[in-house]
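A.B. asks: Next up, input_21.cif (mmCIF, C-alpha atoms).
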data_final
#
loop_
_atom_site.label_atom_id
_atom_site.label_comp_id
_atom_site.auth_asym_id
_atom_site.auth_seq_id
_atom_site.Cartn_x
_atom_site.Cartn_y
_atom_site.Cartn_z
CA MET A 77 -45.34 179.26 89.52
CA ASN A 78 -49.02 178.62 89.72
CA CYS A 79 -51.78 178.77 87.17
CA ARG A 80 -54.75 179.02 89.50
CA ASP A 81 -55.62 182.60 88.63
CA LYS A 82 -54.88 182.29 84.91
CA PRO A 83 -57.88 180.60 83.32
CA ALA A 84 -56.56 180.80 79.76
CA LEU A 85 -53.27 179.16 80.75
CA ARG A 86 -55.09 176.47 82.75
CA GLU A 87 -57.27 175.69 79.78
CA ARG A 88 -54.30 175.42 77.45
CA LEU A 89 -52.34 173.18 79.85
CA ALA A 90 -55.38 170.92 80.41
CA ALA A 91 -55.87 170.56 76.66
CA GLU A 92 -52.21 169.84 75.94
CA TYR A 93 -51.95 167.36 78.80
CA ALA A 94 -54.97 165.46 77.46
CA LEU A 95 -53.65 165.57 73.91
CA GLY A 96 -50.24 164.39 75.11
CA THR A 97 -48.03 167.20 73.84
CA LEU A 98 -47.21 168.47 77.32
CA ARG A 99 -43.95 166.73 78.19
CA GLY A 100 -41.05 166.68 80.58
CA ARG A 101 -41.14 168.93 83.62
CA ALA A 102 -44.27 170.75 82.49
CA ARG A 103 -46.11 167.42 82.45
CA GLU A 104 -44.82 166.38 85.87
CA ARG A 105 -45.76 169.75 87.30
CA LEU A 106 -49.27 169.60 85.89
CA ARG A 107 -49.68 166.12 87.33
CA ARG A 108 -48.77 167.44 90.77
CA TRP A 109 -51.28 170.27 90.42
CA LEU A 110 -53.96 167.80 89.35
CA ARG A 111 -53.78 166.06 92.71
CA ASP A 112 -55.08 169.01 94.68
CA ASP A 113 -56.86 171.08 92.08
CA PRO A 114 -60.19 169.42 91.30
CA GLU A 115 -61.14 172.15 88.85
CA LEU A 116 -58.01 171.54 86.80
CA ALA A 117 -58.72 167.79 86.97
CA ARG A 118 -62.21 168.46 85.63
CA GLY A 119 -60.68 170.50 82.81
CA VAL A 120 -58.40 167.61 81.85
CA ALA A 121 -61.27 165.12 82.08
CA ALA A 122 -63.38 167.34 79.83
CA TRP A 123 -60.61 167.38 77.24
CA GLU A 124 -60.12 163.62 77.49
CA ALA A 125 -63.83 163.24 76.81
CA ARG A 126 -63.69 165.64 73.84
CA LEU A 127 -60.81 163.73 72.24
CA ALA A 128 -62.05 160.24 73.20
CA PRO A 129 -63.89 159.59 69.91
CA MET A 130 -60.51 159.69 68.17
CA ALA A 131 -59.35 156.66 70.15
CA ARG A 132 -62.41 154.77 68.95
CA ALA A 133 -61.09 155.12 65.42
CA ILE A 134 -57.94 153.13 66.24
CA GLU A 135 -58.01 149.57 64.98
CA PRO A 136 -58.22 147.04 67.85
CA VAL A 137 -55.37 144.51 68.02
CA ALA A 138 -55.79 141.36 70.12
CA PRO A 139 -52.97 141.23 72.68
CA PRO A 140 -51.00 137.97 73.00
CA ALA A 141 -52.68 135.34 75.19
CA ARG A 142 -49.80 135.48 77.70
CA VAL A 143 -50.77 138.98 78.90
CA TRP A 144 -53.78 138.02 81.03
CA PRO A 145 -51.97 135.30 83.03
CA LYS A 146 -49.21 137.82 83.74
CA ILE A 147 -51.78 140.30 85.08
CA GLU A 148 -53.31 137.56 87.25
CA GLN A 149 -49.89 136.67 88.55
CA GLN A 150 -48.97 140.24 89.34
CA LEU A 151 -52.25 140.70 91.24
CA ASN A 152 -51.86 137.38 93.08
CA PHE A 153 -55.07 136.01 91.60
CA LYS A 154 -53.53 132.61 91.17
CA LYS A 155 -54.54 131.27 94.55
CA PRO A 156 -58.00 129.79 94.28
CA SER A 157 -59.45 132.09 96.91
CA SER A 158 -62.32 133.76 95.15
CA PHE A 159 -63.92 137.07 95.97
CA TRP A 160 -66.69 135.29 97.84
CA LYS A 161 -64.29 133.14 99.82
CA THR A 162 -62.44 136.29 100.78
CA LEU A 163 -65.72 137.76 101.93
CA GLY A 164 -66.32 134.60 103.94
CA LEU A 165 -62.99 135.14 105.68
CA ILE A 166 -63.87 138.76 106.37
CA ALA A 167 -67.22 137.56 107.68
CA SER A 168 -65.66 135.12 110.14
CA GLY A 169 -63.10 137.73 111.13
CA ALA A 170 -65.91 140.14 111.76
CA ALA A 171 -67.83 137.66 113.88
CA ALA A 172 -66.75 139.32 117.10
CA ALA A 173 -67.84 142.69 115.78
CA LEU A 174 -71.16 141.20 114.71
CA ILE A 175 -71.84 139.81 118.13
CA ALA A 176 -70.88 143.11 119.73
CA VAL A 177 -73.25 144.98 117.45
CA ALA A 178 -76.03 142.47 118.00
CA VAL A 179 -75.75 143.15 121.70
CA LEU A 180 -75.81 146.91 121.14
CA LEU A 181 -78.79 146.80 118.82
CA PRO A 182 -82.11 148.04 120.19
CA PRO A 183 -84.11 145.16 121.63
CA GLN A 184 -86.28 143.52 119.02
CA ARG A 185 -89.94 143.19 119.59
CA ALA A 186 -91.19 139.87 120.88
CA GLY A 187 -90.82 137.01 118.46
CA GLY A 188 -88.55 138.96 116.18
CA THR A 189 -84.77 138.81 115.91
CA ALA A 190 -82.60 140.55 113.37
CA SER A 191 -81.82 137.68 111.09
CA TYR A 192 -79.71 139.50 108.52
CA ILE A 193 -76.88 141.76 109.61
CA ALA A 194 -74.42 143.63 107.46
CA ILE A 195 -71.60 145.71 108.88
CA LEU A 196 -69.91 147.99 106.40
CA THR A 197 -66.41 149.15 107.17
CA ASP A 198 -64.12 151.84 105.87
CA PRO A 199 -61.29 149.95 104.13
CA LYS A 200 -58.79 152.66 105.05
CA THR A 201 -59.36 152.50 108.80
CA SER A 202 -61.17 149.15 109.13
CA HIS A 203 -63.70 150.93 111.34
CA PRO A 204 -67.34 149.98 110.99
CA VAL A 205 -69.33 152.95 109.66
CA LEU A 206 -72.77 151.54 109.01
CA VAL A 207 -74.95 148.65 110.15
CA ALA A 208 -77.96 147.28 108.29
CA THR A 209 -80.32 144.71 109.77
CA ALA A 210 -83.50 143.01 108.65
CA GLU A 211 -85.85 140.44 110.09
CA ARG A 212 -86.28 137.50 107.84
CA GLY A 213 -89.99 137.79 107.09
CA GLU A 214 -90.17 141.56 106.95
CA THR A 215 -89.76 144.00 104.10
CA VAL A 216 -87.85 146.63 106.07
CA LEU A 217 -84.10 147.16 106.27
CA ARG A 218 -82.94 149.15 109.30
CA VAL A 219 -79.88 151.20 108.53
CA ASN A 220 -77.85 152.87 111.27
CA THR A 221 -75.00 155.22 110.52
CA LEU A 222 -72.28 154.62 113.11
CA ASP A 223 -70.04 157.39 111.86
CA PRO A 224 -71.93 160.57 110.92
CA ALA A 225 -68.78 161.88 109.24
CA ILE A 226 -69.38 159.57 106.28
CA HIS A 227 -72.05 161.91 104.88
CA VAL A 228 -70.87 164.29 102.18
CA ALA A 229 -72.66 167.61 101.64
CA GLY A 230 -74.41 167.82 98.30
CA ARG A 231 -73.96 164.10 97.53
CA SER A 232 -75.89 160.98 98.41
CA LEU A 233 -74.68 157.67 99.79
CA GLU A 234 -76.42 154.78 98.09
CA LEU A 235 -76.65 151.31 99.60
CA TRP A 236 -76.32 148.31 97.27
CA ALA A 237 -77.00 144.63 97.58
CA LEU A 238 -74.33 142.58 95.80
CA PRO A 239 -76.10 139.37 94.83
CA ARG A 240 -73.96 136.34 94.14
CA GLY A 241 -72.91 136.60 90.51
CA GLY A 242 -75.38 139.38 89.61
CA ALA A 243 -75.27 143.12 89.13
CA PRO A 244 -75.49 145.36 92.20
CA ARG A 245 -79.09 146.15 93.23
CA SER A 246 -79.92 149.46 94.83
CA LEU A 247 -81.46 149.25 98.29
CA GLY A 248 -81.90 153.02 98.59
CA LEU A 249 -80.14 156.04 99.98
CA VAL A 250 -78.51 156.13 103.40
CA SER A 251 -80.17 158.79 105.53
CA HIS A 252 -78.37 160.77 108.14
CA GLU A 253 -79.00 158.79 111.29
CA ARG A 254 -81.28 155.83 111.42
CA GLY A 255 -83.33 155.03 108.44
CA LEU A 256 -85.75 152.41 107.32
CA LEU A 257 -85.44 151.26 103.73
CA LYS A 258 -88.29 149.40 102.10
CA LEU A 259 -87.30 146.06 100.64
CA LEU A 260 -89.11 144.92 97.50
CA ALA A 261 -89.62 141.45 98.97
CA PRO A 262 -89.28 139.89 102.44
CA ALA A 263 -85.68 139.80 103.64
CA ASP A 264 -85.33 136.07 103.00
CA GLN A 265 -85.91 136.72 99.32
CA SER A 266 -84.23 140.14 99.08
CA LEU A 267 -81.09 139.23 101.02
CA GLY A 268 -81.02 135.43 100.97
CA ASP A 269 -78.54 135.31 98.11
CA VAL A 270 -76.68 138.51 98.95
CA PRO A 271 -73.31 137.84 100.58
CA ALA A 272 -72.31 141.51 100.75
CA LEU A 273 -73.55 145.09 100.78
CA ALA A 274 -71.74 148.19 99.59
CA VAL A 275 -72.11 151.96 99.73
CA SER A 276 -71.17 154.20 96.83
CA LEU A 277 -70.94 157.97 96.61
CA GLU A 278 -73.53 159.27 94.17
CA PRO A 279 -74.95 162.56 92.94
CA GLN A 280 -77.66 163.98 95.17
CA GLY A 281 -80.76 161.82 94.84
CA GLY A 282 -78.84 158.68 93.95
CA SER A 283 -77.30 157.00 90.94
CA PRO A 284 -78.83 158.24 87.69
CA THR A 285 -78.06 154.93 85.96
CA GLY A 286 -79.33 152.27 88.35
CA GLN A 287 -75.75 151.04 88.88
CA PRO A 288 -73.04 152.48 91.12
CA THR A 289 -71.53 155.46 89.32
CA GLY A 290 -69.28 156.95 92.00
CA PRO A 291 -66.46 155.49 94.02
CA VAL A 292 -67.39 152.52 96.22
CA LEU A 293 -66.59 153.72 99.72
CA TYR A 294 -67.66 150.99 102.12
CA THR A 295 -68.36 147.30 101.85
CA GLY A 296 -69.10 144.51 104.23
CA PRO A 297 -70.44 140.98 104.44
CA CYS A 298 -74.17 140.45 104.86
CA VAL A 299 -74.63 137.52 107.21
CA LYS A 300 -77.70 135.46 107.92
CA TYR A 301 -77.94 135.01 111.62
CA TRP A 302 -79.35 131.53 111.79
CA MET B 950 -64.31 134.08 73.20
CA ALA B 951 -63.76 137.71 74.14
CA PRO B 952 -66.66 139.92 73.18
CA PRO B 953 -65.40 142.93 71.27
CA ALA B 954 -65.50 146.21 73.18
CA GLN B 955 -68.19 147.59 70.91
CA ALA B 956 -70.51 144.77 71.98
CA LEU B 957 -70.53 146.12 75.52
CA ASP B 958 -71.93 149.59 75.94
CA GLY B 959 -70.74 152.10 78.50
CA SER B 960 -73.17 151.04 81.20
CA ALA B 961 -72.09 147.39 80.95
CA LEU B 962 -68.43 148.37 81.25
CA GLN B 963 -69.38 150.64 84.11
CA ALA B 964 -71.03 147.74 85.94
CA LEU B 965 -67.92 145.59 85.38
CA LEU B 966 -65.72 148.37 86.73
CA ALA B 967 -67.99 148.80 89.75
CA ARG B 968 -67.79 145.08 90.51
CA SER B 969 -64.02 145.11 89.98
CA ALA B 970 -63.82 147.89 92.56
CA LEU B 971 -65.48 145.47 94.96
CA GLY B 972 -62.86 142.81 94.30
CA ASP B 973 -64.85 140.67 91.84
CA ARG B 974 -62.18 138.94 89.75
CA ALA B 975 -64.61 137.41 87.28
CA ALA B 976 -65.95 140.87 86.48
CA PHE B 977 -62.40 142.15 86.05
CA ARG B 978 -61.60 139.34 83.67
CA ALA B 979 -64.72 140.15 81.65
CA LEU B 980 -63.63 143.80 81.61
CA TYR B 981 -60.22 142.74 80.27
CA GLN B 982 -61.78 140.56 77.59
CA ALA B 983 -64.06 143.36 76.49
CA THR B 984 -61.46 146.11 76.34
CA ALA B 985 -57.94 144.69 75.94
CA ALA B 986 -57.85 144.64 72.12
CA LYS B 987 -58.95 148.26 71.91
CA LEU B 988 -56.38 149.40 74.48
CA PHE B 989 -53.63 147.25 72.99
CA GLY B 990 -54.33 148.94 69.64
CA VAL B 991 -53.96 152.36 71.29
CA ALA B 992 -50.67 151.40 72.99
CA LEU B 993 -49.23 149.74 69.91
CA ARG B 994 -49.97 152.77 67.79
CA ILE B 995 -48.08 155.09 70.17
CA LEU B 996 -45.20 152.78 71.15
CA ARG B 997 -44.78 151.00 67.78
CA ARG B 998 -43.21 148.00 69.52
CA GLU B 999 -45.23 144.98 70.49
CA ASP B 1000 -43.08 144.04 73.51
CA TRP B 1001 -43.40 147.56 74.94
CA ALA B 1002 -47.13 147.74 74.26
CA GLU B 1003 -47.57 144.39 75.97
CA GLU B 1004 -45.74 145.54 79.07
CA VAL B 1005 -47.67 148.81 79.23
CA LEU B 1006 -50.99 146.98 78.77
CA GLN B 1007 -50.17 144.68 81.68
CA GLU B 1008 -49.23 147.61 83.93
CA CYS B 1009 -52.37 149.48 82.98
CA TYR B 1010 -54.75 146.66 83.88
CA VAL B 1011 -52.96 146.16 87.19
CA SER B 1012 -53.48 149.86 87.77
CA VAL B 1013 -57.16 149.71 86.70
CA TRP B 1014 -57.76 146.90 89.22
CA ARG B 1015 -56.03 148.81 92.00
CA HIS B 1016 -57.69 152.15 91.24
CA ALA B 1017 -61.12 150.93 90.15
CA ARG B 1018 -62.60 152.50 93.29
CA GLU B 1019 -61.48 155.92 92.11
CA TYR B 1020 -63.34 155.63 88.83
CA ASN B 1021 -66.05 158.27 88.74
CA ALA B 1022 -68.76 157.57 86.20
CA THR B 1023 -70.09 161.10 86.30
CA ARG B 1024 -66.74 162.40 85.07
CA ALA B 1025 -65.72 159.97 82.35
CA ALA B 1026 -67.05 157.08 80.30
CA PRO B 1027 -65.30 153.81 81.29
CA MET B 1028 -63.46 153.49 77.99
CA THR B 1029 -62.33 157.14 78.12
CA TRP B 1030 -60.99 156.62 81.63
CA MET B 1031 -59.07 153.48 80.69
CA THR B 1032 -57.81 154.93 77.41
CA SER B 1033 -56.40 157.93 79.27
CA ILE B 1034 -54.59 155.61 81.67
CA VAL B 1035 -53.05 153.76 78.71
CA ARG B 1036 -52.11 156.88 76.73
CA ASN B 1037 -50.51 158.52 79.77
CA ARG B 1038 -48.58 155.36 80.60
CA CYS B 1039 -47.35 155.16 77.00
CA LEU B 1040 -46.13 158.75 77.11
CA ASP B 1041 -44.37 158.07 80.43
CA TRP B 1042 -42.83 154.97 78.91
CA LEU B 1043 -41.41 156.95 76.01
CA ARG B 1044 -39.61 159.25 78.38
CA ARG B 1045 -38.07 156.67 80.70
CA PRO B 1046 -34.59 157.53 81.98
CA ASN B 1047 -32.91 155.30 79.39
CA PRO B 1048 -34.79 156.55 76.39
CA GLU B 1049 -34.32 155.01 73.03
CA PRO B 1050 -35.20 158.13 71.07
CA LEU B 1051 -37.49 157.63 68.16
CA PRO B 1052 -35.18 157.19 65.16
CA ASP B 1053 -35.74 159.47 62.19
CA GLU B 1054 -36.80 156.49 60.10
CA ALA B 1055 -39.60 155.83 62.53
CA LEU B 1056 -40.78 159.40 62.28
CA GLU B 1057 -40.53 159.18 58.51
CA SER B 1058 -42.58 156.03 58.44
CA ILE B 1059 -45.55 157.69 60.14
CA GLU B 1060 -48.17 158.33 57.55
CA SER B 1061 -48.08 161.93 56.47
CA GLU B 1062 -51.33 162.21 54.66
CA ASN B 1063 -54.19 163.10 56.93
CA PRO B 1064 -53.55 160.32 59.33
CA GLY B 1065 -55.34 157.04 58.84
CA PRO B 1066 -57.74 156.63 61.73
CA LEU B 1067 -59.24 160.09 61.18
CA ALA B 1068 -60.85 158.78 58.03
CA SER B 1069 -62.80 156.20 59.99
CA LEU B 1070 -64.34 158.55 62.53
CA GLU B 1071 -68.02 158.11 61.81
CA GLN B 1072 -71.56 157.24 62.94
CA ALA B 1073 -71.91 157.84 66.68
CA ARG B 1074 -73.08 161.35 67.44
CA ASP B 1075 -70.10 162.53 69.49
CA THR B 1076 -67.76 160.92 66.98
CA ALA B 1077 -69.48 162.67 64.09
CA ALA B 1078 -69.33 166.02 65.91
CA LEU B 1079 -65.61 165.64 66.57
CA ALA B 1080 -64.99 164.53 62.98
CA ARG B 1081 -66.89 167.58 61.69
CA CYS B 1082 -64.96 169.94 63.95
CA LEU B 1083 -61.61 168.40 63.06
CA GLY B 1084 -62.64 168.75 59.43
CA GLY B 1085 -63.17 172.46 60.01
CA LEU B 1086 -59.58 173.04 61.18
CA ASP B 1087 -56.74 174.12 58.93
CA ALA B 1088 -55.13 171.03 57.46
CA ARG B 1089 -51.87 171.59 59.35
CA GLN B 1090 -53.62 172.09 62.68
CA ARG B 1091 -55.62 168.91 62.12
CA GLN B 1092 -52.54 166.95 61.13
CA ALA B 1093 -50.55 168.12 64.15
CA ILE B 1094 -53.38 167.22 66.56
CA ALA B 1095 -53.93 163.83 64.96
CA LEU B 1096 -50.22 162.95 65.03
CA ALA B 1097 -50.00 163.99 68.69
CA PHE B 1098 -53.08 161.99 69.68
CA PHE B 1099 -52.68 158.83 67.63
CA ASP B 1100 -48.92 158.56 67.51
CA GLY B 1101 -47.98 160.27 70.77
CA LEU B 1102 -45.64 162.75 69.12
CA SER B 1103 -44.31 165.57 71.30
CA HIS B 1104 -44.04 169.16 70.03
CA ALA B 1105 -40.37 168.54 69.16
CA GLU B 1106 -41.16 165.32 67.29
CA LEU B 1107 -44.01 167.04 65.45
CA ALA B 1108 -41.60 169.78 64.38
CA ARG B 1109 -39.09 167.19 63.11
CA HIS B 1110 -41.74 165.14 61.37
CA LEU B 1111 -43.45 168.09 59.72
CA ARG B 1112 -40.16 169.92 59.06
CA GLU B 1113 -41.40 173.13 60.59
CA PRO B 1114 -40.02 175.34 63.38
CA LEU B 1115 -40.99 174.28 66.89
CA GLY B 1116 -42.81 177.56 67.59
CA THR B 1117 -44.94 177.19 64.48
CA VAL B 1118 -45.98 173.68 65.41
CA LYS B 1119 -46.82 174.72 68.97
CA THR B 1120 -49.04 177.47 67.61
CA TRP B 1121 -50.87 175.05 65.30
CA VAL B 1122 -51.59 172.74 68.20
CA ARG B 1123 -52.68 175.51 70.54
CA ARG B 1124 -54.93 177.26 68.03
CA GLY B 1125 -56.26 173.98 66.69
CA LEU B 1126 -57.31 172.84 70.17
CA ALA B 1127 -58.95 176.19 70.94
CA ARG B 1128 -60.93 176.10 67.67
CA LEU B 1129 -61.87 172.48 68.30
CA ARG B 1130 -63.32 173.36 71.66
CA ASN B 1131 -65.33 176.29 70.30
CA CYS B 1132 -66.67 174.18 67.47
CA LEU B 1133 -67.65 171.29 69.79
CA GLU B 1134 -69.41 173.70 72.12
CA LEU B 1135 -71.43 175.12 69.22
CA GLN B 1136 -72.38 171.58 68.17
CA GLY B 1137 -73.24 170.63 71.76
#
Turn the structure described in the file into structure tokens.

C.D. replies:
Amino acid sequence: MNCRDKPALRERLAAEYALGTLRGRARERLRRWLRDDPELARGVAAWEARLAPMARAIEPVAPPARVWPKIEQQLNFKKPSSFWKTLGLIASGAAAALIAVAVLLPPQRAGGTASYIAILTDPKTSHPVLVATAERGETVLRVNTLDPAIHVAGRSLELWALPRGGAPRSLGLVSHERGLLKLLAPADQSLGDVPALAVSLEPQGGSPTGQPTGPVLYTGPCVKYW
Amino acid sequence: MAPPAQALDGSALQALLARSALGDRAAFRALYQATAAKLFGVALRILRREDWAEEVLQECYVSVWRHAREYNATRAAPMTWMTSIVRNRCLDWLRRPNPEPLPDEALESIESENPGPLASLEQARDTAALARCLGGLDARQRQAIALAFFDGLSHAELARHLREPLGTVKTWVRRGLARLRNCLELQG
């Protein structure tokens, strides 16, 4: 059975799933449909949003202190390796790739060398998809798309600087091939304390909020060359 | 030490989720501190057992960490997204293969007057709109929807609790939801 061509039934199932009264096989079946039916998923999300204010009326109860350590344990957070150390490891692992890319990069004009390089990879395939470089004294970031397939029709890819300990800072939108993004300050200031860059999928024209709103698709270390 | 969830608005939670998606554990911890009490309250209300609620809460945060990349801010507010994860996990929990069915006493003990939390729906604009629209439903429709949402009752449990035929209860829920949607769209 399918509900694709029965809008009234779809609407009812979406509402009852969000409310929680859909149970048993009907619930399992709807969950399967949700995976490849974005319109149905939007219907459920709309109902979750409609009913959400009710959840706000529920009295908060502090969970026992033992819960957080259990979460940390289950996620293997216990080892002291922090996010930034992990990035450091990725950076050293990516050293070969960096050198390869540096060799492939267009020759710099005399006296200038790309002093910041970031290579963003697709976590699913580990393939590099985008390279960003900047010379230390300049206010331009050169962005090259290595894999044109990363662009999504009707959406924008937004590039973010992830400063150490601060909120992501937008660097601009990734254009289709090579693009130059204007940095607010010379690279040494704009990227000096930025160990990583990331790309998120945003509505056309970029994030409406100034922070990443869509899924984060690609990340990679931003390395100072000397 | 944990700031209450209300102290952090949606965009702050959104930033914490975005950083969690990038593997930032400190941001994830801050997200937990800001939201755990609210979500534990939701789970406890549905499951009615602290040990179960604790286990579900743990699973849900593990899942939030692992799926943070899939969070889409244009589709749901952070708290709505996480609350849905918790409510769905609670409902799954209640229908595990070795179910301990809700005893009649437990159903009896659920407040029957227009359920508690509804009374405290207030201020914020979307909250006020929902409260107004719920207020416009027939009392039985409102009660059935509230019991399903807050207490996680299925159609069959609603029928037992309200001592009404299953078909009647299903109709209340269905019509109540349809009227709710129309009303919210008019308010929009």

A.B. asks: Per residue of chain A within 6 Å of chain B, what are the shortest atom pair and its distance in Å to one decimal, counting only C-alpha atoms, with rows by chain and residue number, as a Markdown table?

C.D. replies:
| residue | atom | partner | partner_atom | distance |
| --- | --- | --- | --- | --- |
| A:Leu95 | CA | B:Phe1098 | CA | 5.6 |
| A:Thr97 | CA | B:Ser1103 | CA | 4.8 |
| A:Ala128 | CA | B:Thr1029 | CA | 5.8 |
| A:Pro129 | CA | B:Thr1076 | CA | 5.0 |
| A:Ala133 | CA | B:Pro1066 | CA | 5.2 |
| A:Ile134 | CA | B:Pro1066 | CA | 5.7 |
| A:Glu135 | CA | B:Gly990 | CA | 6.0 |
| A:Pro136 | CA | B:Lys987 | CA | 4.3 |
| A:Val137 | CA | B:Ala986 | CA | 4.8 |
| A:Ala138 | CA | B:Ala986 | CA | 4.4 |
| A:Pro139 | CA | B:Ala986 | CA | 6.0 |
| A:Ile147 | CA | B:Gln1007 | CA | 5.8 |
| A:Phe159 | CA | B:Asp973 | CA | 5.6 |
| A:Thr289 | CA | B:Ala1022 | CA | 4.7 |
| A:Gly290 | CA | B:Asn1021 | CA | 4.8 |
| A:Pro291 | CA | B:Arg1018 | CA | 4.9 |
| A:Val292 | CA | B:Arg1018 | CA | 5.6 |

A.B. asks: Quick check, in Å to one decimal: how far apart do atom CA of A:Ala94 and atom CA of A:Leu293 lie?

C.D. replies: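 Taking atom CA of A:Ala94 as the start and atom CA of A:Leu293 as the end point, the length is 27.7 Å.
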
A.B. asks: Rounded to one decimal in Å, what is the spacing between atom CA of A:Arg80 and atom CA of B:Trp1121?

C.D. replies: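 That distance, rounded to one decimal, is 24.8 Å.
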
A.B. asks: Could you write out as an NGL selection string the residues that the PyMOL selection byres ((chain A and resi 110) around 12) matches in the shown file?

C.D. replies: :A and (78-80 or 86 or 89-90 or 93 or 103-109 or 111-121)

A.B. asks: Quick one: residues within 8 Å of stretch 204-217 of chain A, all atoms listed in the file counted, chain neighbours fewer than 6 positions away excluded, as a list in words?

C.D. replies: Gly188, Thr189, Ala190, Ser191, Tyr192, Ile193, Ala194, Ile195, Leu196, Thr197, Asp198, Asp223, Ile226, Leu256, Leu257, Lys258, Leu259, Leu260, Ala261, Pro262, Ala263, Asp264 and Tyr294 of chain A

A.B. asks: Just to confirm, what's the straight-line distance from atom CA of B:Arg1081 to atom CA of A:Leu127 in Å (one decimal)?

C.D. replies: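 Taking atom CA of B:Arg1081 as the start and atom CA of A:Leu127 as the end point, the length is 12.8 Å.
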
A.B. asks: Using only C-alpha atoms, which residue out of B:Leu1115, B:Leu1086, B:Val1013, B:Ile1034 lies closest to B:Asn1131?

C.D. replies: B:Leu1086

A.B. asks: Here is a test: counting only C-alpha atoms, which residue of A:Gly241, A:Gly255, A:Pro224, A:Pro271 is nearest to A:Thr295?

C.D. replies: A:Pro271

A.B. asks: Please rebuild stretch 210-222 of chain A with N, CA, C and O atoms and return the result as a short mmCIF file (atom, residue, chain, number, x, y, z; two decimals), keeping the file's coordinate frame.

C.D. replies:
data_model
loop_
_atom_site.label_atom_id
_atom_site.label_comp_id
_atom_site.auth_asym_id
_atom_site.auth_seq_id
_atom_site.Cartn_x
_atom_site.Cartn_y
_atom_site.Cartn_z
N ALA A 210 -82.14 143.30 109.10
CA ALA A 210 -83.50 143.01 108.65
C ALA A 210 -83.98 141.74 109.30
O ALA A 210 -83.19 140.83 109.54
N GLU A 211 -85.27 141.69 109.60
CA GLU A 211 -85.85 140.44 110.09
C GLU A 211 -86.31 139.63 108.90
O GLU A 211 -86.78 140.19 107.92
N ARG A 212 -86.19 138.33 109.04
CA ARG A 212 -86.28 137.50 107.84
C ARG A 212 -87.60 137.63 107.09
O ARG A 212 -87.62 137.64 105.87
N GLY A 213 -88.71 137.76 107.80
CA GLY A 213 -89.99 137.79 107.09
C GLY A 213 -90.45 139.19 106.71
O GLY A 213 -91.46 139.36 106.04
N GLU A 214 -89.70 140.20 107.14
CA GLU A 214 -90.17 141.56 106.95
C GLU A 214 -89.60 142.21 105.70
O GLU A 214 -88.60 141.75 105.14
N THR A 215 -90.22 143.32 105.31
CA THR A 215 -89.76 144.00 104.10
C THR A 215 -89.11 145.34 104.45
O THR A 215 -89.19 146.30 103.70
N VAL A 216 -88.48 145.38 105.62
CA VAL A 216 -87.85 146.63 106.07
C VAL A 216 -86.38 146.36 106.39
O VAL A 216 -86.05 145.37 107.04
N LEU A 217 -85.52 147.23 105.92
CA LEU A 217 -84.10 147.16 106.27
C LEU A 217 -83.80 148.35 107.17
O LEU A 217 -84.08 149.50 106.81
N ARG A 218 -83.28 148.05 108.38
CA ARG A 218 -82.94 149.15 109.30
C ARG A 218 -81.49 149.51 109.10
O ARG A 218 -80.62 148.65 109.18
N VAL A 219 -81.24 150.78 108.83
CA VAL A 219 -79.88 151.20 108.53
C VAL A 219 -79.43 152.23 109.56
O VAL A 219 -80.08 153.26 109.72
N ASN A 220 -78.38 151.93 110.28
CA ASN A 220 -77.85 152.87 111.27
C ASN A 220 -76.47 153.34 110.85
O ASN A 220 -75.58 152.53 110.58
N THR A 221 -76.31 154.66 110.80
CA THR A 221 -75.00 155.22 110.52
C THR A 221 -74.21 155.27 111.84
O THR A 221 -74.67 155.87 112.80
N LEU A 222 -73.08 154.61 111.88
CA LEU A 222 -72.28 154.62 113.11
C LEU A 222 -71.34 155.82 113.13
O LEU A 222 -70.94 156.29 114.19
#
